[in-house]
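Enquirer: Handing over upload.pdb, PDB, C-alpha atoms, pLDDT in the B column.
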ATOM      1  CA  MET M   1     113.559  74.069  99.965  1.00 43.00           C
ATOM      2  CA  THR M   2     110.108  72.739  99.178  1.00 40.00           C
ATOM      3  CA  TYR M   3     106.745  73.986 100.332  1.00 40.00           C
ATOM      4  CA  ALA M   4     103.043  73.484  99.762  1.00 41.00           C
ATOM      5  CA  SER M   5     101.885  76.886  98.585  1.00 49.00           C
ATOM      6  CA  ALA M   6      98.396  78.291  98.703  1.00 55.00           C
ATOM      7  CA  ALA M   7      96.180  77.046  95.899  1.00 58.00           C
ATOM      8  CA  TYR M   8      96.273  79.138  92.743  1.00 60.00           C
ATOM      9  CA  PRO M   9      93.011  81.119  92.674  1.00 60.00           C
ATOM     10  CA  ALA M  10      90.361  80.087  90.163  1.00 58.00           C
ATOM     11  CA  THR M  11      90.267  83.688  88.965  1.00 64.00           C
ATOM     12  CA  ALA M  12      93.576  85.516  89.062  1.00 79.00           C
ATOM     13  CA  THR M  13      94.676  88.976  88.011  1.00 86.00           C
ATOM     14  CA  GLU M  14      97.746  89.583  85.880  1.00 87.00           C
ATOM     15  CA  ALA M  15      99.398  91.003  88.992  1.00 90.00           C
ATOM     16  CA  PHE M  16      98.936  87.684  90.785  1.00 89.00           C
ATOM     17  CA  ASP M  17     100.352  85.824  87.777  1.00 89.00           C
ATOM     18  CA  ARG M  18     103.561  87.841  88.032  1.00 87.00           C
ATOM     19  CA  PHE M  19     103.694  87.419  91.814  1.00 91.00           C
ATOM     20  CA  TRP M  20     103.202  83.655  91.543  1.00 86.00           C
ATOM     21  CA  ASN M  21     105.789  83.142  88.798  1.00 88.00           C
ATOM     22  CA  HIS M  22     108.404  85.234  90.586  1.00 87.00           C
ATOM     23  CA  GLY M  23     107.718  83.279  93.774  1.00 88.00           C
ATOM     24  CA  ILE M  24     108.464  80.061  91.915  1.00 86.00           C
ATOM     25  CA  GLY M  25     111.785  81.555  90.830  1.00 86.00           C
ATOM     26  CA  VAL M  26     112.653  82.472  94.415  1.00 86.00           C
ATOM     27  CA  THR M  27     111.928  78.931  95.637  1.00 82.00           C
ATOM     28  CA  GLU M  28     114.113  77.491  92.889  1.00 82.00           C
ATOM     29  CA  VAL M  29     116.990  79.738  93.955  1.00 81.00           C
ATOM     30  CA  GLY M  30     116.424  78.695  97.557  1.00 80.00           C
ATOM     31  CA  SER M  31     116.396  75.014  96.650  1.00 81.00           C
ATOM     32  CA  VAL M  32     119.714  75.289  94.827  1.00 80.00           C
ATOM     33  CA  ALA M  33     121.261  77.297  97.673  1.00 80.00           C
ATOM     34  CA  TYR M  34     120.180  74.850 100.381  1.00 71.00           C
ATOM     35  CA  PHE M  35     121.215  71.846  98.307  1.00 75.00           C
ATOM     36  CA  GLY M  36     124.649  73.359  97.772  1.00 78.00           C
ATOM     37  CA  LEU M  37     124.957  74.205 101.459  1.00 70.00           C
ATOM     38  CA  HIS M  38     124.005  70.661 102.452  1.00 70.00           C
ATOM     39  CA  ARG M  39     126.603  69.187 100.093  1.00 73.00           C
ATOM     40  CA  ALA M  40     129.260  71.549 101.404  1.00 71.00           C
ATOM     41  CA  ARG M  41     128.483  70.558 104.995  1.00 67.00           C
ATOM     42  CA  THR M  42     128.784  66.849 104.231  1.00 72.00           C
ATOM     43  CA  LYS M  43     131.957  66.956 102.131  1.00 68.00           C
ATOM     44  CA  LYS M  44     135.016  66.072 104.177  1.00 56.00           C
ATOM     45  CA  LYS M  45     137.217  68.635 102.460  1.00 56.00           C
ATOM     46  CA  PHE M  46     135.111  71.435 103.982  1.00 58.00           C
ATOM     47  CA  THR M  47     135.410  71.920 107.715  1.00 59.00           C
ATOM     48  CA  LYS M  48     133.968  74.300 110.273  1.00 58.00           C
ATOM     49  CA  SER M  49     137.281  76.141 110.326  1.00 57.00           C
ATOM     50  CA  ASP M  50     137.068  76.730 106.569  1.00 59.00           C
ATOM     51  CA  TYR M  51     133.499  78.003 106.474  1.00 66.00           C
ATOM     52  CA  ASP M  52     131.023  79.108 109.117  1.00 73.00           C
ATOM     53  CA  PHE M  53     128.070  77.173 107.717  1.00 72.00           C
ATOM     54  CA  ASP M  54     125.626  78.658 110.216  1.00 79.00           C
ATOM     55  CA  LYS M  55     126.559  82.139 109.030  1.00 85.00           C
ATOM     56  CA  VAL M  56     126.187  81.097 105.394  1.00 82.00           C
ATOM     57  CA  GLU M  57     122.779  79.566 106.081  1.00 85.00           C
ATOM     58  CA  ARG M  58     121.628  82.741 107.807  1.00 91.00           C
ATOM     59  CA  ALA M  59     122.800  84.820 104.842  1.00 90.00           C
ATOM     60  CA  VAL M  60     120.747  82.618 102.512  1.00 90.00           C
ATOM     61  CA  GLU M  61     117.687  83.000 104.755  1.00 92.00           C
ATOM     62  CA  GLU M  62     118.120  86.776 104.804  1.00 95.00           C
ATOM     63  CA  MET M  63     118.426  87.052 101.031  1.00 93.00           C
ATOM     64  CA  LEU M  64     115.409  84.838 100.448  1.00 94.00           C
ATOM     65  CA  LEU M  65     113.291  86.713 102.979  1.00 95.00           C
ATOM     66  CA  ALA M  66     114.130  90.065 101.386  1.00 95.00           C
ATOM     67  CA  ARG M  67     113.221  88.772  97.913  1.00 95.00           C
ATOM     68  CA  ILE M  68     109.970  87.248  99.165  1.00 95.00           C
ATOM     69  CA  VAL M  69     108.868  90.451 100.906  1.00 95.00           C
ATOM     70  CA  ASP M  70     109.842  92.621  97.925  1.00 94.00           C
ATOM     71  CA  ASN M  71     107.837  90.360  95.632  1.00 94.00           C
ATOM     72  CA  PHE M  72     104.753  90.700  97.833  1.00 95.00           C
ATOM     73  CA  GLN M  73     105.035  94.485  98.023  1.00 93.00           C
ATOM     74  CA  SER M  74     105.493  94.665  94.241  1.00 92.00           C
ATOM     75  CA  TYR M  75     102.399  92.511  93.829  1.00 94.00           C
ATOM     76  CA  VAL M  76     100.229  94.959  95.768  1.00 94.00           C
ATOM     77  CA  VAL M  77     101.448  97.894  93.643  1.00 92.00           C
ATOM     78  CA  ASP M  78     100.915  95.876  90.440  1.00 92.00           C
ATOM     79  CA  LEU M  79      97.401  95.029  91.586  1.00 93.00           C
ATOM     80  CA  LEU M  80      96.602  98.704  92.169  1.00 92.00           C
ATOM     81  CA  LEU M  81      97.869  99.522  88.677  1.00 89.00           C
ATOM     82  CA  LYS M  82      95.520  96.899  87.250  1.00 90.00           C
ATOM     83  CA  ILE M  83      92.602  98.242  89.286  1.00 90.00           C
ATOM     84  CA  TYR M  84      93.156 101.816  88.091  1.00 88.00           C
ATOM     85  CA  LEU M  85      93.496 100.726  84.465  1.00 85.00           C
ATOM     86  CA  VAL M  86      90.158  98.942  84.703  1.00 87.00           C
ATOM     87  CA  ARG M  87      88.487 101.601  86.860  1.00 88.00           C
ATOM     88  CA  PRO M  88      90.133 104.957  85.977  1.00 83.00           C
ATOM     89  CA  GLU M  89      87.264 106.873  87.566  1.00 83.00           C
ATOM     90  CA  ILE M  90      88.562 105.932  91.040  1.00 86.00           C
ATOM     91  CA  VAL M  91      92.071 107.352  90.538  1.00 84.00           C
ATOM     92  CA  PRO M  92      92.651 109.818  93.428  1.00 78.00           C
ATOM     93  CA  LYS M  93      91.985 113.474  92.707  1.00 72.00           C
ATOM     94  CA  GLY M  94      94.961 115.748  92.145  1.00 63.00           C
ATOM     95  CA  SER M  95      96.962 113.145  90.238  1.00 65.00           C
ATOM     96  CA  VAL M  96      97.254 115.478  87.220  1.00 59.00           C
ATOM     97  CA  THR M  97      98.616 119.041  87.384  1.00 60.00           C
ATOM     98  CA  TYR M  98      96.969 121.982  85.635  1.00 46.00           C
ATOM     99  CA  ARG M  99      99.953 122.138  83.270  1.00 57.00           C
ATOM    100  CA  GLU M 100      99.383 118.518  82.266  1.00 58.00           C
ATOM    101  CA  LEU M 101      95.629 119.051  82.068  1.00 51.00           C
ATOM    102  CA  PHE M 102      95.775 122.002  79.682  1.00 50.00           C
ATOM    103  CA  GLY M 103      98.806 120.708  77.811  1.00 59.00           C
ATOM    104  CA  SER M 104      97.080 117.609  76.495  1.00 62.00           C
ATOM    105  CA  ALA M 105      94.043 117.226  74.282  1.00 60.00           C
ATOM    106  CA  ASP M 106      93.970 113.453  74.707  1.00 68.00           C
ATOM    107  CA  ILE M 107      91.886 112.191  77.624  1.00 64.00           C
ATOM    108  CA  LEU M 108      93.482 108.754  77.365  1.00 69.00           C
ATOM    109  CA  GLU M 109      96.941 110.297  77.697  1.00 71.00           C
ATOM    110  CA  LEU M 110      95.818 112.247  80.775  1.00 69.00           C
ATOM    111  CA  ARG M 111      94.379 109.079  82.245  1.00 73.00           C
ATOM    112  CA  LYS M 112      97.680 107.280  81.678  1.00 77.00           C
ATOM    113  CA  ILE M 113      99.639 110.128  83.319  1.00 72.00           C
ATOM    114  CA  ALA M 114      97.340 110.149  86.358  1.00 77.00           C
ATOM    115  CA  ILE M 115      97.573 106.395  86.851  1.00 77.00           C
ATOM    116  CA  GLU M 116     101.353 106.264  86.411  1.00 81.00           C
ATOM    117  CA  LYS M 117     101.928 109.113  88.878  1.00 82.00           C
ATOM    118  CA  THR M 118      99.627 107.579  91.474  1.00 82.00           C
ATOM    119  CA  VAL M 119     101.108 104.094  91.244  1.00 84.00           C
ATOM    120  CA  SER M 120     104.658 105.476  91.169  1.00 84.00           C
ATOM    121  CA  SER M 121     104.059 107.252  94.477  1.00 85.00           C
ATOM    122  CA  TYR M 122     102.793 103.987  95.973  1.00 86.00           C
ATOM    123  CA  GLY M 123     106.031 102.267  95.014  1.00 81.00           C
ATOM    124  CA  TYR M 124     107.922 104.321  97.618  1.00 84.00           C
ATOM    125  CA  MET M 125     105.561 103.451 100.482  1.00 87.00           C
ATOM    126  CA  ASN M 126     105.940 100.459 102.752  1.00 85.00           C
ATOM    127  CA  ILE M 127     103.132  97.950 102.564  1.00 87.00           C
ATOM    128  CA  VAL M 128     101.540  98.924 105.885  1.00 87.00           C
ATOM    129  CA  ASP M 129     101.348 102.648 105.066  1.00 90.00           C
ATOM    130  CA  LEU M 130     100.105 101.740 101.603  1.00 91.00           C
ATOM    131  CA  SER M 131      97.371  99.553 103.065  1.00 92.00           C
ATOM    132  CA  ASP M 132      96.162 102.489 105.188  1.00 92.00           C
ATOM    133  CA  GLU M 133      96.104 104.743 102.115  1.00 90.00           C
ATOM    134  CA  ILE M 134      94.184 102.207 100.022  1.00 91.00           C
ATOM    135  CA  LYS M 135      91.663 101.576 102.766  1.00 92.00           C
ATOM    136  CA  LYS M 136      91.059 105.318 102.993  1.00 91.00           C
ATOM    137  CA  SER M 137      90.905 106.100  99.259  1.00 88.00           C
ATOM    138  CA  LEU M 138      89.319 102.922  97.867  1.00 91.00           C
ATOM    139  CA  SER M 139      87.534 101.506 100.922  1.00 92.00           C
ATOM    140  CA  PHE M 140      89.462  98.314 100.311  1.00 94.00           C
ATOM    141  CA  PRO M 141      91.377  96.778 103.239  1.00 93.00           C
ATOM    142  CA  ILE M 142      94.528  95.025 102.067  1.00 94.00           C
ATOM    143  CA  PHE M 143      94.559  93.319 105.450  1.00 93.00           C
ATOM    144  CA  ASP M 144      91.195  92.122 106.701  1.00 86.00           C
ATOM    145  CA  HIS M 145      92.353  91.673 110.304  1.00 91.00           C
ATOM    146  CA  TRP M 146      94.515  93.785 112.606  1.00 91.00           C
ATOM    147  CA  LEU M 147      96.663  90.771 113.517  1.00 94.00           C
ATOM    148  CA  THR M 148      97.488  90.133 109.850  1.00 95.00           C
ATOM    149  CA  LYS M 149      98.569  93.745 109.473  1.00 94.00           C
ATOM    150  CA  ARG M 150     100.718  93.504 112.595  1.00 94.00           C
ATOM    151  CA  ARG M 151     102.436  90.321 111.402  1.00 95.00           C
ATOM    152  CA  VAL M 152     103.169  91.720 107.954  1.00 96.00           C
ATOM    153  CA  LYS M 153     104.470  94.950 109.465  1.00 95.00           C
ATOM    154  CA  ARG M 154     107.035  93.026 111.522  1.00 96.00           C
ATOM    155  CA  ILE M 155     108.079  90.921 108.526  1.00 96.00           C
ATOM    156  CA  VAL M 156     108.580  94.079 106.456  1.00 95.00           C
ATOM    157  CA  GLU M 157     110.575  95.779 109.215  1.00 96.00           C
ATOM    158  CA  ILE M 158     112.817  92.701 109.518  1.00 97.00           C
ATOM    159  CA  ARG M 159     113.396  92.940 105.776  1.00 96.00           C
ATOM    160  CA  ASN M 160     114.303  96.620 106.195  1.00 96.00           C
ATOM    161  CA  LEU M 161     116.840  95.777 108.908  1.00 97.00           C
ATOM    162  CA  ILE M 162     118.416  93.137 106.664  1.00 97.00           C
ATOM    163  CA  VAL M 163     118.702  95.486 103.700  1.00 96.00           C
ATOM    164  CA  HIS M 164     119.529  98.772 105.424  1.00 96.00           C
ATOM    165  CA  ASN M 165     121.161  97.942 108.768  1.00 96.00           C
ATOM    166  CA  ARG M 166     122.971  94.602 108.357  1.00 95.00           C
ATOM    167  CA  SER M 167     120.228  92.852 110.369  1.00 96.00           C
ATOM    168  CA  THR M 168     121.114  94.815 113.499  1.00 97.00           C
ATOM    169  CA  ILE M 169     118.189  95.868 115.685  1.00 97.00           C
ATOM    170  CA  ASN M 170     117.943  99.636 116.077  1.00 97.00           C
ATOM    171  CA  LYS M 171     115.710 102.069 117.929  1.00 96.00           C
ATOM    172  CA  THR M 172     113.343 102.514 114.984  1.00 95.00           C
ATOM    173  CA  PHE M 173     112.690  98.776 114.761  1.00 96.00           C
ATOM    174  CA  ILE M 174     112.002  98.497 118.486  1.00 96.00           C
ATOM    175  CA  GLU M 175     109.622 101.463 118.423  1.00 96.00           C
ATOM    176  CA  LYS M 176     107.687 100.135 115.431  1.00 94.00           C
ATOM    177  CA  VAL M 177     107.476  96.381 115.973  1.00 95.00           C
ATOM    178  CA  GLY M 178     109.722  95.452 118.888  1.00 94.00           C
ATOM    179  CA  CYS M 179     108.843  92.620 121.263  1.00 92.00           C
ATOM    180  CA  LYS M 180     110.296  91.536 124.602  1.00 90.00           C
ATOM    181  CA  HIS M 181     112.923  89.327 122.933  1.00 91.00           C
ATOM    182  CA  ASP M 182     114.397  92.121 120.789  1.00 95.00           C
ATOM    183  CA  ARG M 183     117.566  93.761 122.087  1.00 95.00           C
ATOM    184  CA  PHE M 184     119.065  96.971 120.751  1.00 96.00           C
ATOM    185  CA  GLY M 185     122.294  96.261 118.836  1.00 96.00           C
ATOM    186  CA  SER M 186     121.728  92.514 118.520  1.00 96.00           C
ATOM    187  CA  GLN M 187     121.019  90.537 115.350  1.00 95.00           C
ATOM    188  CA  VAL M 188     117.332  90.288 114.546  1.00 96.00           C
ATOM    189  CA  SER M 189     115.804  86.827 114.530  1.00 95.00           C
ATOM    190  CA  VAL M 190     115.008  85.970 110.905  1.00 95.00           C
ATOM    191  CA  PRO M 191     111.783  83.993 110.415  1.00 94.00           C
ATOM    192  CA  ASN M 192     111.885  80.870 108.290  1.00 91.00           C
ATOM    193  CA  ALA M 193     111.715  81.976 104.653  1.00 91.00           C
ATOM    194  CA  VAL M 194     109.511  79.045 103.626  1.00 89.00           C
ATOM    195  CA  GLY M 195     106.999  79.886 106.343  1.00 92.00           C
ATOM    196  CA  VAL M 196     106.911  83.542 105.282  1.00 95.00           C
ATOM    197  CA  LEU M 197     106.489  82.510 101.653  1.00 93.00           C
ATOM    198  CA  ARG M 198     103.511  80.310 102.501  1.00 92.00           C
ATOM    199  CA  TYR M 199     101.949  83.043 104.593  1.00 95.00           C
ATOM    200  CA  LEU M 200     102.309  85.776 101.960  1.00 95.00           C
ATOM    201  CA  ASP M 201     101.153  83.406  99.198  1.00 93.00           C
ATOM    202  CA  ALA M 202      97.922  82.793 101.092  1.00 93.00           C
ATOM    203  CA  LEU M 203      97.549  86.497 101.850  1.00 95.00           C
ATOM    204  CA  ALA M 204      98.067  87.511  98.209  1.00 94.00           C
ATOM    205  CA  ASN M 205      95.542  84.868  97.177  1.00 93.00           C
ATOM    206  CA  ASP M 206      92.956  86.367  99.532  1.00 93.00           C
ATOM    207  CA  ILE M 207      93.692  89.953  98.438  1.00 94.00           C
ATOM    208  CA  ASP M 208      93.449  89.022  94.765  1.00 93.00           C
ATOM    209  CA  CYS M 209      90.118  87.266  95.140  1.00 91.00           C
ATOM    210  CA  ARG M 210      88.589  90.156  97.094  1.00 92.00           C
ATOM    211  CA  ALA M 211      89.946  92.756  94.657  1.00 93.00           C
ATOM    212  CA  ALA M 212      88.585  90.830  91.675  1.00 91.00           C
ATOM    213  CA  VAL M 213      85.106  90.770  93.187  1.00 90.00           C
ATOM    214  CA  LYS M 214      85.140  94.431  94.223  1.00 91.00           C
ATOM    215  CA  PHE M 215      86.827  96.120  91.258  1.00 90.00           C
ATOM    216  CA  MET M 216      87.117  93.965  88.163  1.00 75.00           C
ATOM    217  CA  LYS M 217      84.982  90.887  88.311  1.00 65.00           C
ATOM    218  CA  GLU M 218      84.257  91.117  84.615  1.00 45.00           C
ATOM    219  CA  THR M 219      87.914  91.417  83.558  1.00 46.00           C
ATOM    220  CA  VAL M 220      89.821  88.720  85.423  1.00 44.00           C
ATOM    221  CA  SER M 221      91.071  85.657  83.632  1.00 43.00           C
ATOM    222  CA  ASN M 222      89.594  82.250  84.204  1.00 41.00           C
ATOM    223  CA  GLY M 223      92.788  80.442  85.121  1.00 41.00           C
TER
END
Any chance you could give the structure as structure tokens?
Expert:
Amino acid sequence: MTYASAAYPATATEAFDRFWNHGIGVTEVGSVAYFGLHRARTKKKFTKSDYDFDKVERAVEEMLLARIVDNFQSYVVDLLLKIYLVRPEIVPKGSVTYRELFGSADILELRKIAIEKTVSSYGYMNIVDLSDEIKKSLSFPIFDHWLTKRRVKRIVEIRNLIVHNRSTINKTFIEKVGCKHDRFGSQVSVPNAVGVLRYLDALANDIDCRAAVKFMKETVSNG
């Protein structure tokens, strides 16, 4: 499992560093899995009757896709944490209760509480809903084109089917992102994990560069 990833940005946030390094780990796992599967297919002692290699390969693709999507969604939340730490004045209002406000004499502690509560709430949102929230509150579009948002939404919903419904297409999936080829009760078609990885790498690269310019140009690392 090899791929030519998007170029590492000249200026990268700490969030992108973590995203990039975890992505490398996922590709290494994928490489080992595919190498092992190839060897198993070619060894004479393993036959089709012993193992359904197509089913095993699909399982590997599903696991890799889920890890890749989770890594991307974690990256966006990590990036928001970094933005709020650098620019605490843009933390949404109402992040601190009156009890917390009057119970602390330390403004830095209150700032930390507000940021942690805000980012924690983002962690439970899917990436598409989160992008709408960020565009509204920070005037920062995670996705700079409607087609990008639509593609990512389908990828995320495929991940959700894999994790929560054994890859079986249900009514919710069809209503949210269904296309003419999707059939209720059938197995969802899993996109190639390498292709998804390349796509989300490039997308994260673009998001990181735009966020650095808008929110923290003076704080990003130089490589």
Enquirer: For the interface of stretch 117-215 of chain M with stretch 17-21 of chain M (cut-off 12 Å, counting all atoms listed in the file), please tabulate each contacting residue of stretch 117-215 of chain M alongside its nearest pair of atoms and their separation in Å to one decimal, rows sorted by chain and increasing number, as JSON lines.
Expert:
{"residue": "M:Leu197", "atom": "CA", "partner": "M:Trp20", "partner_atom": "CA", "distance": 10.7}
{"residue": "M:Arg198", "atom": "CA", "partner": "M:Trp20", "partner_atom": "CA", "distance": 11.5}
{"residue": "M:Leu200", "atom": "CA", "partner": "M:Phe19", "partner_atom": "CA", "distance": 10.4}
{"residue": "M:Asp201", "atom": "CA", "partner": "M:Trp20", "partner_atom": "CA", "distance": 7.9}
{"residue": "M:Ala202", "atom": "CA", "partner": "M:Trp20", "partner_atom": "CA", "distance": 10.9}
{"residue": "M:Leu203", "atom": "CA", "partner": "M:Phe19", "partner_atom": "CA", "distance": 11.8}
{"residue": "M:Ala204", "atom": "CA", "partner": "M:Phe19", "partner_atom": "CA", "distance": 8.5}
{"residue": "M:Asn205", "atom": "CA", "partner": "M:Trp20", "partner_atom": "CA", "distance": 9.6}
{"residue": "M:Asp208", "atom": "CA", "partner": "M:Asp17", "partner_atom": "CA", "distance": 10.3}
Enquirer: Please identify all polymer residues lying at most 10 Å from the point (115.2, 98.2, 118.7) (file coordinates), using all atoms listed in the file, and present the result as a VMD selection string.
Expert: chain M and resid 168 to 179 182 to 186 188
Enquirer: With all atoms listed in the file as the basis for distance, which of M:Asp70, M:Glu116, M:Glu89, M:Glu109 is at the shortest distance from M:Glu157?
Expert: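 Using all atoms listed in the file, M:Glu157 sits closest to M:Asp70.
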Enquirer: Tell me, in Å to one decimal, how far atom CA of M:Ser74 is from atom CA of M:Gly36.
Expert: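 Value for the atom CA of M:Ser74-atom CA of M:Gly36 distance: 28.9 Å.
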Enquirer: Applying the PyMOL selection byres ((chain M and resi 37) around 12) to the file I just gave you, which residues come out? Please list them as a ChimeraX atom specification.
Expert: /M:1,30-36,38-43,46,51-61
Enquirer: Enumerate, as a list of chain:residue names, the residues matched when the PyMOL selection byres ((chain M and resi 15) around 6) is run on the file above.
Expert: M:Thr13, M:Glu14, M:Phe16, M:Asp17, M:Arg18, M:Tyr75, M:Asp78, M:Leu79
Enquirer: At a cut-off of 8 Å, using all atoms listed in the file, what residues contact stretch 134-146 of chain M? Leave out same-chain residues fewer than 2 positions from it and give the result as a PyMOL selection string.
Expert: chain M and resi 90+92+130-132+148-150+207+211
Enquirer: So, counting only C-alpha atoms, which residue among M:Val86, M:Ala12, M:Ile24, M:Leu65 is closest to M:Arg159?
Expert: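 The closest residue to M:Arg159 is M:Leu65.
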Enquirer: Mind pulling up the distance from atom CA of M:Lys117 to atom CA of M:His164?
Expert: 26.3 Å
Enquirer: Expressed in Å to a single decimal, how great is the separation between atom CA of M:Lys82 and atom CA of M:Asn126?
Expert: 19.0 Å
Enquirer: Could you give me the centre and size, in Å to one decimal, of an axis-aligned box around all listed atoms of stretch 10-24 of chain M with 6 Å added on every side, as AutoDock Vina command-line options?
Expert:
--center_x 99.4 --center_y 85.5 --center_z 89.8 --size_x 30.2 --size_y 22.9 --size_z 19.9
